[in-house]
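Q: Here you go, one structure.
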Amino acid sequence: MKSIEPTIKADEVTPPRAGEKILRVARDLFYRQGIRAIGVDEIVRRAGVTKPSLYRSFPSKDELAASYLRQYDLEFWARFDEAVAAHPGDPRAQIAAFLTRIGKRTQKPDYRGCGMTNAAVEYPEHGHPARVVSEANKQELRRRLRAMAAAMGAGDADTLGDGLLLLIEGAYISGQLFGAGGPAKSVARNADLLIEASLQK
């Protein structure tokens, strides 16, 4: 039987060792201070590498930003899938588990929201590499939430799914505005109230 080649090659996911170090430093800086606010010079200084080393691993800062977001995307879906796996066949409990974790993270003093949302705000140009990754993540999240709403038996599953998405995005922003004790801590409870109201229609 003819083997099927993977869609993404291993070397596209795992950069060289210097690249890993650069990406690790860039990820921390980009998330905490913003992508546009951080220059290449700051990244190489903190990573302890040369600028040519950076450009051997990443053709441009834009590609470095996209690589950071691709890694962020993988970690995001790992957390989402973990919540789903913890409650097989129960989309309402799956959503509650996922949002409970979001609510807890928003209460941490170093919380900076969602890297995908932040990048989309920083890069309004739809063709920018960072925005392309961010948009794909959000579109997939919307698709999954709508599918989960349908699985719950909601009469208007698309509206419920979109409502849940709006709650999530609101938690990402309000978590940064209010910090500990802010409204984002109750995102899971508010989502459940929205689900309950939708299922009663």
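Chain labels run A, B, ... following the order of the structure tokens; each chain numbers its residues from 1, and ligands are numbered from 1 in the order shown.
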Using 12 Å as the limit and counting only C-alpha atoms, can you tabulate each residue of segment 179-200 of chain A that touches segment 100-117 of chain A, with its shortest atom-to-atom distance in Å and the two atoms involved, as a Markdown table?

A:
| residue | atom | partner | partner_atom | distance |
| --- | --- | --- | --- | --- |
| A:Gly179 | CA | A:Gln107 | CA | 5.6 |
| A:Ala180 | CA | A:Gln107 | CA | 4.3 |
| A:Gly181 | CA | A:Gln107 | CA | 6.9 |
| A:Gly182 | CA | A:Gln107 | CA | 7.7 |
| A:Pro183 | CA | A:Gly103 | CA | 8.9 |
| A:Ala184 | CA | A:Gly103 | CA | 5.6 |
| A:Lys185 | CA | A:Gly103 | CA | 4.3 |
| A:Ser186 | CA | A:Gly103 | CA | 6.4 |
| A:Val187 | CA | A:Gly103 | CA | 6.0 |
| A:Ala188 | CA | A:Thr100 | CA | 5.3 |
| A:Arg189 | CA | A:Thr100 | CA | 8.3 |
| A:Asn190 | CA | A:Thr100 | CA | 10.7 |
| A:Ala191 | CA | A:Thr100 | CA | 10.0 |
| A:Asp192 | CA | A:Thr100 | CA | 10.8 |

Q: Dump all heavy atoms for the selected residues as a compact mmCIF listing (two decimals), in the first residue's frame?

A:
# COMPACT_ATOMS: atom_id res chain seq x y z
N GLY A 179 -8.30 42.47 35.45
CA GLY A 179 -7.42 41.64 36.26
C GLY A 179 -8.19 40.78 37.24
O GLY A 179 -9.34 40.40 37.02
N ALA A 180 -7.54 40.48 38.39
CA ALA A 180 -8.16 39.62 39.40
C ALA A 180 -9.47 40.21 39.89
O ALA A 180 -9.56 41.41 40.16
CB ALA A 180 -7.20 39.42 40.56
N GLY A 181 -10.49 39.38 39.98
CA GLY A 181 -11.79 39.83 40.44
C GLY A 181 -12.68 40.40 39.35
O GLY A 181 -13.83 40.76 39.60
N GLY A 182 -12.16 40.47 38.13
CA GLY A 182 -12.92 41.02 37.02
C GLY A 182 -13.96 40.05 36.49
O GLY A 182 -14.03 38.89 36.90
N PRO A 183 -14.78 40.51 35.53
CA PRO A 183 -15.88 39.69 35.02
C PRO A 183 -15.44 38.43 34.28
O PRO A 183 -16.23 37.49 34.16
CB PRO A 183 -16.63 40.65 34.08
CG PRO A 183 -15.63 41.70 33.73
CD PRO A 183 -14.77 41.85 34.93
N ALA A 184 -14.22 38.40 33.79
CA ALA A 184 -13.77 37.23 33.03
C ALA A 184 -13.73 35.96 33.87
O ALA A 184 -13.82 34.86 33.33
CB ALA A 184 -12.39 37.49 32.43
N LYS A 185 -13.65 36.12 35.19
CA LYS A 185 -13.58 34.92 36.04
C LYS A 185 -14.88 34.11 35.96
O LYS A 185 -14.89 32.91 36.24
CB LYS A 185 -13.29 35.32 37.49
CG LYS A 185 -14.43 36.02 38.19
CD LYS A 185 -14.10 36.32 39.65
CE LYS A 185 -15.27 37.00 40.36
NZ LYS A 185 -14.94 37.27 41.78
N SER A 186 -15.98 34.76 35.58
CA SER A 186 -17.27 34.06 35.53
C SER A 186 -17.68 33.71 34.10
O SER A 186 -18.86 33.47 33.84
CB SER A 186 -18.36 34.92 36.19
OG SER A 186 -18.51 36.15 35.50
N VAL A 187 -16.72 33.63 33.19
CA VAL A 187 -17.06 33.36 31.79
C VAL A 187 -17.74 32.00 31.63
O VAL A 187 -18.68 31.85 30.84
CB VAL A 187 -15.81 33.47 30.88
CG1 VAL A 187 -14.74 32.43 31.25
CG2 VAL A 187 -16.20 33.34 29.41
N ALA A 188 -17.30 31.00 32.39
CA ALA A 188 -17.91 29.67 32.28
C ALA A 188 -19.36 29.69 32.75
O ALA A 188 -20.25 29.09 32.13
CB ALA A 188 -17.11 28.65 33.07
N ARG A 189 -19.63 30.39 33.84
CA ARG A 189 -20.99 30.50 34.37
C ARG A 189 -21.89 31.24 33.38
O ARG A 189 -23.03 30.83 33.14
CB ARG A 189 -20.96 31.22 35.72
CG ARG A 189 -22.33 31.53 36.31
CD ARG A 189 -23.15 30.29 36.53
NE ARG A 189 -24.45 30.60 37.11
CZ ARG A 189 -25.54 29.85 36.99
NH1 ARG A 189 -25.49 28.72 36.30
NH2 ARG A 189 -26.68 30.21 37.55
N ASN A 190 -21.40 32.33 32.82
CA ASN A 190 -22.19 33.08 31.85
C ASN A 190 -22.47 32.27 30.60
O ASN A 190 -23.56 32.36 30.01
CB ASN A 190 -21.49 34.39 31.50
CG ASN A 190 -21.74 35.47 32.54
OD1 ASN A 190 -22.84 36.00 32.67
ND2 ASN A 190 -20.71 35.78 33.33
N ALA A 191 -21.50 31.48 30.20
CA ALA A 191 -21.69 30.61 29.03
C ALA A 191 -22.78 29.58 29.31
O ALA A 191 -23.62 29.29 28.45
CB ALA A 191 -20.39 29.92 28.67
N ASP A 192 -22.78 29.03 30.51
CA ASP A 192 -23.79 28.03 30.84
C ASP A 192 -25.19 28.63 30.89
O ASP A 192 -26.17 28.00 30.49
CB ASP A 192 -23.46 27.35 32.18
CG ASP A 192 -24.13 25.99 32.30
OD1 ASP A 192 -23.86 25.11 31.46
OD2 ASP A 192 -24.93 25.81 33.23

Q: What's the 10 Å shell around Asn118 of chain A, counting only C-alpha atoms, without same-chain residues fewer than 4 positions away, as number ranges by chain?

A: A: 30-31, 34-35, 112-114, 122-123, 131, 134, 172-173

Q: Generate a file of the selected residues that holds all heavy atoms, formatted as an mmCIF file, in the first residue's frame.

A:
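Once everything was written out, this is part_2.cif:
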data_model
loop_
_atom_site.group_PDB
_atom_site.id
_atom_site.type_symbol
_atom_site.label_atom_id
_atom_site.label_comp_id
_atom_site.auth_asym_id
_atom_site.auth_seq_id
_atom_site.Cartn_x
_atom_site.Cartn_y
_atom_site.Cartn_z
ATOM 1 N N PHE A 30 6.800 38.676 22.402
ATOM 2 C CA PHE A 30 5.640 39.007 21.581
ATOM 3 C C PHE A 30 4.351 38.955 22.407
ATOM 4 O O PHE A 30 3.483 39.815 22.262
ATOM 5 C CB PHE A 30 5.522 38.048 20.394
ATOM 6 C CG PHE A 30 6.539 38.268 19.314
ATOM 7 C CD1 PHE A 30 6.772 37.285 18.362
ATOM 8 C CD2 PHE A 30 7.263 39.452 19.229
ATOM 9 C CE1 PHE A 30 7.698 37.478 17.346
ATOM 10 C CE2 PHE A 30 8.195 39.659 18.212
ATOM 11 C CZ PHE A 30 8.409 38.665 17.271
ATOM 12 N N TYR A 31 4.232 37.934 23.243
ATOM 13 C CA TYR A 31 3.007 37.785 24.025
ATOM 14 C C TYR A 31 2.889 38.897 25.067
ATOM 15 O O TYR A 31 1.822 39.480 25.249
ATOM 16 C CB TYR A 31 2.955 36.425 24.715
ATOM 17 C CG TYR A 31 1.704 36.244 25.556
ATOM 18 C CD1 TYR A 31 0.465 36.031 24.950
ATOM 19 C CD2 TYR A 31 1.748 36.313 26.950
ATOM 20 C CE1 TYR A 31 -0.695 35.891 25.700
ATOM 21 C CE2 TYR A 31 0.598 36.181 27.716
ATOM 22 C CZ TYR A 31 -0.611 35.971 27.084
ATOM 23 O OH TYR A 31 -1.759 35.848 27.839
ATOM 24 N N GLY A 34 3.790 42.642 22.821
ATOM 25 C CA GLY A 34 3.233 42.883 21.498
ATOM 26 C C GLY A 34 4.267 42.639 20.417
ATOM 27 O O GLY A 34 5.471 42.847 20.637
ATOM 28 N N ILE A 35 3.815 42.205 19.265
ATOM 29 C CA ILE A 35 4.738 41.860 18.174
ATOM 30 C C ILE A 35 5.400 43.095 17.593
ATOM 31 O O ILE A 35 6.614 43.155 17.408
ATOM 32 C CB ILE A 35 4.000 41.070 17.073
ATOM 33 C CG1 ILE A 35 3.438 39.765 17.647
ATOM 34 C CG2 ILE A 35 4.950 40.762 15.909
ATOM 35 C CD1 ILE A 35 2.522 39.009 16.697
ATOM 36 N N ARG A 112 -2.151 38.324 29.545
ATOM 37 C CA ARG A 112 -2.155 39.266 28.426
ATOM 38 C C ARG A 112 -3.151 38.861 27.348
ATOM 39 O O ARG A 112 -3.004 39.203 26.178
ATOM 40 C CB ARG A 112 -0.739 39.379 27.831
ATOM 41 C CG ARG A 112 0.186 40.271 28.606
ATOM 42 C CD ARG A 112 -0.061 41.742 28.278
ATOM 43 N NE ARG A 112 0.367 42.060 26.919
ATOM 44 C CZ ARG A 112 -0.418 42.535 25.959
ATOM 45 N NH1 ARG A 112 -1.702 42.740 26.182
ATOM 46 N NH2 ARG A 112 0.053 42.791 24.756
ATOM 47 N N GLY A 113 -4.156 38.106 27.752
ATOM 48 C CA GLY A 113 -5.189 37.738 26.798
ATOM 49 C C GLY A 113 -4.764 36.634 25.846
ATOM 50 O O GLY A 113 -3.872 35.837 26.140
ATOM 51 N N CYS A 114 -5.400 36.600 24.689
ATOM 52 C CA CYS A 114 -5.117 35.591 23.672
ATOM 53 C C CYS A 114 -4.122 36.145 22.660
ATOM 54 O O CYS A 114 -4.349 37.218 22.079
ATOM 55 C CB CYS A 114 -6.411 35.202 22.975
ATOM 56 S SG CYS A 114 -6.187 34.125 21.541
ATOM 57 N N GLU A 122 -3.167 43.881 16.151
ATOM 58 C CA GLU A 122 -1.929 44.546 15.728
ATOM 59 C C GLU A 122 -1.778 44.595 14.214
ATOM 60 O O GLU A 122 -1.164 45.524 13.674
ATOM 61 C CB GLU A 122 -0.717 43.812 16.319
ATOM 62 C CG GLU A 122 -0.469 44.066 17.788
ATOM 63 C CD GLU A 122 0.937 43.662 18.190
ATOM 64 O OE1 GLU A 122 1.883 44.429 17.931
ATOM 65 O OE2 GLU A 122 1.085 42.552 18.748
ATOM 66 N N TYR A 123 -2.305 43.585 13.534
ATOM 67 C CA TYR A 123 -2.120 43.495 12.078
ATOM 68 C C TYR A 123 -3.471 43.479 11.369
ATOM 69 O O TYR A 123 -4.047 42.419 11.119
ATOM 70 C CB TYR A 123 -1.318 42.245 11.731
ATOM 71 C CG TYR A 123 0.110 42.313 12.210
ATOM 72 C CD1 TYR A 123 0.480 41.712 13.409
ATOM 73 C CD2 TYR A 123 1.081 42.985 11.471
ATOM 74 C CE1 TYR A 123 1.794 41.796 13.867
ATOM 75 C CE2 TYR A 123 2.391 43.071 11.915
ATOM 76 C CZ TYR A 123 2.736 42.478 13.112
ATOM 77 O OH TYR A 123 4.032 42.560 13.560
ATOM 78 N N ARG A 131 -1.580 37.589 10.757
ATOM 79 C CA ARG A 131 -3.043 37.652 10.758
ATOM 80 C C ARG A 131 -3.650 36.412 10.117
ATOM 81 O O ARG A 131 -4.717 35.944 10.549
ATOM 82 C CB ARG A 131 -3.526 38.907 10.047
ATOM 83 C CG ARG A 131 -5.041 39.038 10.155
ATOM 84 C CD ARG A 131 -5.579 40.354 9.711
ATOM 85 N NE ARG A 131 -7.024 40.376 9.911
ATOM 86 C CZ ARG A 131 -7.648 41.084 10.832
ATOM 87 N NH1 ARG A 131 -6.946 41.843 11.667
ATOM 88 N NH2 ARG A 131 -8.958 41.061 10.932
ATOM 89 N N SER A 134 -3.854 33.853 12.746
ATOM 90 C CA SER A 134 -4.860 34.236 13.738
ATOM 91 C C SER A 134 -6.275 34.017 13.213
ATOM 92 O O SER A 134 -7.133 33.473 13.919
ATOM 93 C CB SER A 134 -4.687 35.709 14.129
ATOM 94 O OG SER A 134 -3.427 35.926 14.714
ATOM 95 N N TYR A 172 -11.055 37.408 27.025
ATOM 96 C CA TYR A 172 -9.661 37.700 26.703
ATOM 97 C C TYR A 172 -9.332 39.179 26.941
ATOM 98 O O TYR A 172 -8.266 39.516 27.453
ATOM 99 C CB TYR A 172 -9.378 37.366 25.236
ATOM 100 C CG TYR A 172 -9.384 35.894 24.899
ATOM 101 C CD1 TYR A 172 -9.755 35.453 23.630
ATOM 102 C CD2 TYR A 172 -9.018 34.929 25.835
ATOM 103 C CE1 TYR A 172 -9.759 34.109 23.293
ATOM 104 C CE2 TYR A 172 -9.018 33.580 25.504
ATOM 105 C CZ TYR A 172 -9.386 33.180 24.240
ATOM 106 O OH TYR A 172 -9.390 31.846 23.920
ATOM 107 N N ILE A 173 -10.256 40.061 26.553
ATOM 108 C CA ILE A 173 -10.013 41.495 26.687
ATOM 109 C C ILE A 173 -10.257 41.980 28.116
ATOM 110 O O ILE A 173 -9.424 42.691 28.696
ATOM 111 C CB ILE A 173 -10.908 42.288 25.711
ATOM 112 C CG1 ILE A 173 -10.600 41.889 24.264
ATOM 113 C CG2 ILE A 173 -10.717 43.789 25.910
ATOM 114 C CD1 ILE A 173 -9.168 42.143 23.845
#

Q: Here is a test: counting only C-alpha atoms, which residue of A:Arg92, A:Glu82, A:Ser174, A:Ala120 is nearest to Ser198 of chain A?

A: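 Among A:Arg92, A:Glu82, A:Ser174, A:Ala120, it is A:Arg92 that comes nearest to Ser198 of chain A.
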
Q: Where in segment 69-167 of chain A does DSSP assign alpha helix (DSSP H), given as a PyMOL selection string?

A: chain A and resi 69-86+91-105+115-122+129-151+157-167

Q: Between A:Ile195, A:Gly89, A:Arg24, A:His128, which one has atoms that come closest to Asp156 of chain A, using only C-alpha atoms?

A: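 For Asp156 of chain A, the nearest of the candidates is A:Ile195.
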
Q: For Ala37 of chain A, work out the shell of residues within 12 Å, counting only C-alpha atoms and skipping chain neighbours fewer than 5 positions away, then give it as a PyMOL selection string.

A: chain A and resi 26+29-32+42-43+61+65+119+122

Q: Could the residues in this selection be written to a file with all heavy atoms, as a PDB file, in the first residue's frame?

A:
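This went into result.pdb:
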ATOM      1  N   ALA A  26      11.257  34.989  21.456  1.00  0.00           N
ATOM      2  CA  ALA A  26      10.302  35.825  20.725  1.00  0.00           C
ATOM      3  C   ALA A  26       8.885  35.603  21.241  1.00  0.00           C
ATOM      4  O   ALA A  26       8.106  36.555  21.383  1.00  0.00           O
ATOM      5  CB  ALA A  26      10.373  35.527  19.233  1.00  0.00           C
ATOM      6  N   LEU A  29       8.396  37.575  24.476  1.00  0.00           N
ATOM      7  CA  LEU A  29       8.367  39.019  24.221  1.00  0.00           C
ATOM      8  C   LEU A  29       7.121  39.430  23.443  1.00  0.00           C
ATOM      9  O   LEU A  29       6.472  40.429  23.772  1.00  0.00           O
ATOM     10  CB  LEU A  29       9.623  39.440  23.464  1.00  0.00           C
ATOM     11  CG  LEU A  29      10.942  39.353  24.239  1.00  0.00           C
ATOM     12  CD1 LEU A  29      12.120  39.590  23.301  1.00  0.00           C
ATOM     13  CD2 LEU A  29      10.962  40.358  25.384  1.00  0.00           C
ATOM     14  N   PHE A  30       6.800  38.676  22.402  1.00  0.00           N
ATOM     15  CA  PHE A  30       5.640  39.007  21.581  1.00  0.00           C
ATOM     16  C   PHE A  30       4.351  38.955  22.407  1.00  0.00           C
ATOM     17  O   PHE A  30       3.483  39.815  22.262  1.00  0.00           O
ATOM     18  CB  PHE A  30       5.522  38.048  20.394  1.00  0.00           C
ATOM     19  CG  PHE A  30       6.539  38.268  19.314  1.00  0.00           C
ATOM     20  CD1 PHE A  30       6.772  37.285  18.362  1.00  0.00           C
ATOM     21  CD2 PHE A  30       7.263  39.452  19.229  1.00  0.00           C
ATOM     22  CE1 PHE A  30       7.698  37.478  17.346  1.00  0.00           C
ATOM     23  CE2 PHE A  30       8.195  39.659  18.212  1.00  0.00           C
ATOM     24  CZ  PHE A  30       8.409  38.665  17.271  1.00  0.00           C
ATOM     25  N   TYR A  31       4.232  37.934  23.243  1.00  0.00           N
ATOM     26  CA  TYR A  31       3.007  37.785  24.025  1.00  0.00           C
ATOM     27  C   TYR A  31       2.889  38.897  25.067  1.00  0.00           C
ATOM     28  O   TYR A  31       1.822  39.480  25.249  1.00  0.00           O
ATOM     29  CB  TYR A  31       2.955  36.425  24.715  1.00  0.00           C
ATOM     30  CG  TYR A  31       1.704  36.244  25.556  1.00  0.00           C
ATOM     31  CD1 TYR A  31       0.465  36.031  24.950  1.00  0.00           C
ATOM     32  CD2 TYR A  31       1.748  36.313  26.950  1.00  0.00           C
ATOM     33  CE1 TYR A  31      -0.695  35.891  25.700  1.00  0.00           C
ATOM     34  CE2 TYR A  31       0.598  36.181  27.716  1.00  0.00           C
ATOM     35  CZ  TYR A  31      -0.611  35.971  27.084  1.00  0.00           C
ATOM     36  OH  TYR A  31      -1.759  35.848  27.839  1.00  0.00           O
ATOM     37  N   ARG A  32       3.976  39.204  25.745  1.00  0.00           N
ATOM     38  CA  ARG A  32       3.896  40.145  26.865  1.00  0.00           C
ATOM     39  C   ARG A  32       3.931  41.604  26.431  1.00  0.00           C
ATOM     40  O   ARG A  32       3.339  42.464  27.088  1.00  0.00           O
ATOM     41  CB  ARG A  32       5.026  39.875  27.861  1.00  0.00           C
ATOM     42  CG  ARG A  32       4.980  38.449  28.374  1.00  0.00           C
ATOM     43  CD  ARG A  32       5.744  38.213  29.650  1.00  0.00           C
ATOM     44  NE  ARG A  32       5.659  36.803  30.018  1.00  0.00           N
ATOM     45  CZ  ARG A  32       4.583  36.221  30.509  1.00  0.00           C
ATOM     46  NH1 ARG A  32       3.493  36.931  30.704  1.00  0.00           N
ATOM     47  NH2 ARG A  32       4.570  34.948  30.809  1.00  0.00           N
ATOM     48  N   GLU A  42      16.350  43.279  19.729  1.00  0.00           N
ATOM     49  CA  GLU A  42      16.012  42.890  21.101  1.00  0.00           C
ATOM     50  C   GLU A  42      15.909  41.373  21.219  1.00  0.00           C
ATOM     51  O   GLU A  42      16.356  40.775  22.208  1.00  0.00           O
ATOM     52  CB  GLU A  42      14.686  43.542  21.512  1.00  0.00           C
ATOM     53  CG  GLU A  42      14.167  43.143  22.888  1.00  0.00           C
ATOM     54  CD  GLU A  42      14.970  43.740  24.039  1.00  0.00           C
ATOM     55  OE1 GLU A  42      15.909  44.522  23.773  1.00  0.00           O
ATOM     56  OE2 GLU A  42      14.673  43.413  25.198  1.00  0.00           O
ATOM     57  N   ILE A  43      15.364  40.736  20.218  1.00  0.00           N
ATOM     58  CA  ILE A  43      15.208  39.275  20.242  1.00  0.00           C
ATOM     59  C   ILE A  43      16.563  38.582  20.231  1.00  0.00           C
ATOM     60  O   ILE A  43      16.818  37.685  21.045  1.00  0.00           O
ATOM     61  CB  ILE A  43      14.345  38.805  19.047  1.00  0.00           C
ATOM     62  CG1 ILE A  43      12.916  39.317  19.197  1.00  0.00           C
ATOM     63  CG2 ILE A  43      14.344  37.277  18.959  1.00  0.00           C
ATOM     64  CD1 ILE A  43      12.065  39.136  17.962  1.00  0.00           C
ATOM     65  N   LYS A  61      11.017  38.985  10.157  1.00  0.00           N
ATOM     66  CA  LYS A  61      10.324  39.098  11.438  1.00  0.00           C
ATOM     67  C   LYS A  61       8.867  38.664  11.294  1.00  0.00           C
ATOM     68  O   LYS A  61       8.292  38.068  12.209  1.00  0.00           O
ATOM     69  CB  LYS A  61      10.396  40.532  11.960  1.00  0.00           C
ATOM     70  CG  LYS A  61       9.725  40.686  13.327  1.00  0.00           C
ATOM     71  CD  LYS A  61       9.583  42.128  13.752  1.00  0.00           C
ATOM     72  CE  LYS A  61       8.692  42.210  14.993  1.00  0.00           C
ATOM     73  NZ  LYS A  61       8.407  43.594  15.399  1.00  0.00           N
ATOM     74  N   ALA A  65       6.984  35.963  13.576  1.00  0.00           N
ATOM     75  CA  ALA A  65       5.708  36.197  14.245  1.00  0.00           C
ATOM     76  C   ALA A  65       4.705  35.099  13.893  1.00  0.00           C
ATOM     77  O   ALA A  65       3.975  34.595  14.760  1.00  0.00           O
ATOM     78  CB  ALA A  65       5.158  37.567  13.859  1.00  0.00           C
ATOM     79  N   ALA A 119      -2.703  39.569  18.083  1.00  0.00           N
ATOM     80  CA  ALA A 119      -2.031  39.687  16.782  1.00  0.00           C
ATOM     81  C   ALA A 119      -2.983  40.233  15.726  1.00  0.00           C
ATOM     82  O   ALA A 119      -2.596  41.048  14.881  1.00  0.00           O
ATOM     83  CB  ALA A 119      -1.478  38.330  16.350  1.00  0.00           C
ATOM     84  N   GLU A 122      -3.167  43.881  16.151  1.00  0.00           N
ATOM     85  CA  GLU A 122      -1.929  44.546  15.728  1.00  0.00           C
ATOM     86  C   GLU A 122      -1.778  44.595  14.214  1.00  0.00           C
ATOM     87  O   GLU A 122      -1.164  45.524  13.674  1.00  0.00           O
ATOM     88  CB  GLU A 122      -0.717  43.812  16.319  1.00  0.00           C
ATOM     89  CG  GLU A 122      -0.469  44.066  17.788  1.00  0.00           C
ATOM     90  CD  GLU A 122       0.937  43.662  18.190  1.00  0.00           C
ATOM     91  OE1 GLU A 122       1.883  44.429  17.931  1.00  0.00           O
ATOM     92  OE2 GLU A 122       1.085  42.552  18.748  1.00  0.00           O
TER      93      GLU A 122
END

Q: Rank A:Gln33, A:Leu164, A:Leu145, A:Arg17 by their smallest atom-to-atom distance to Pro91 of chain A, using only C-alpha atoms, and report the top residue only.

A: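 That would be A:Leu145, the residue with the smallest distance to Pro91 of chain A.
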
Q: With distances taken over only C-alpha atoms, which residue among A:Thr159, A:Ser60, A:Gln200, A:Thr50 lies nearest Ala147 of chain A?

A: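 Closest residue, counting only C-alpha atoms: A:Thr159.
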
Q: So which one's closest to Arg56 of chain A, A:Leu99, A:Ala151, A:Leu69, A:Ala18? Using only C-alpha atoms, please.

A: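 Between A:Leu99, A:Ala151, A:Leu69, A:Ala18, the residue approaching Arg56 of chain A most closely is A:Ala18.
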
Q: Please determine, counting only C-alpha atoms, which residue among A:Tyr72, A:Pro124, A:Asp62, A:Leu23 has the shortest atom-to-atom distance to Val49 of chain A.

A: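 Going through A:Tyr72, A:Pro124, A:Asp62, A:Leu23 one by one, the smallest distance to Val49 of chain A is for A:Leu23.
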
Q: I'd like the interatomic distance between atom CA of Lys51 of chain A and atom CA of Ser67 of chain A, to a tenth of an Å.

A: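 Separation between atom CA of Lys51 of chain A and atom CA of Ser67 of chain A: 17.0 Å.
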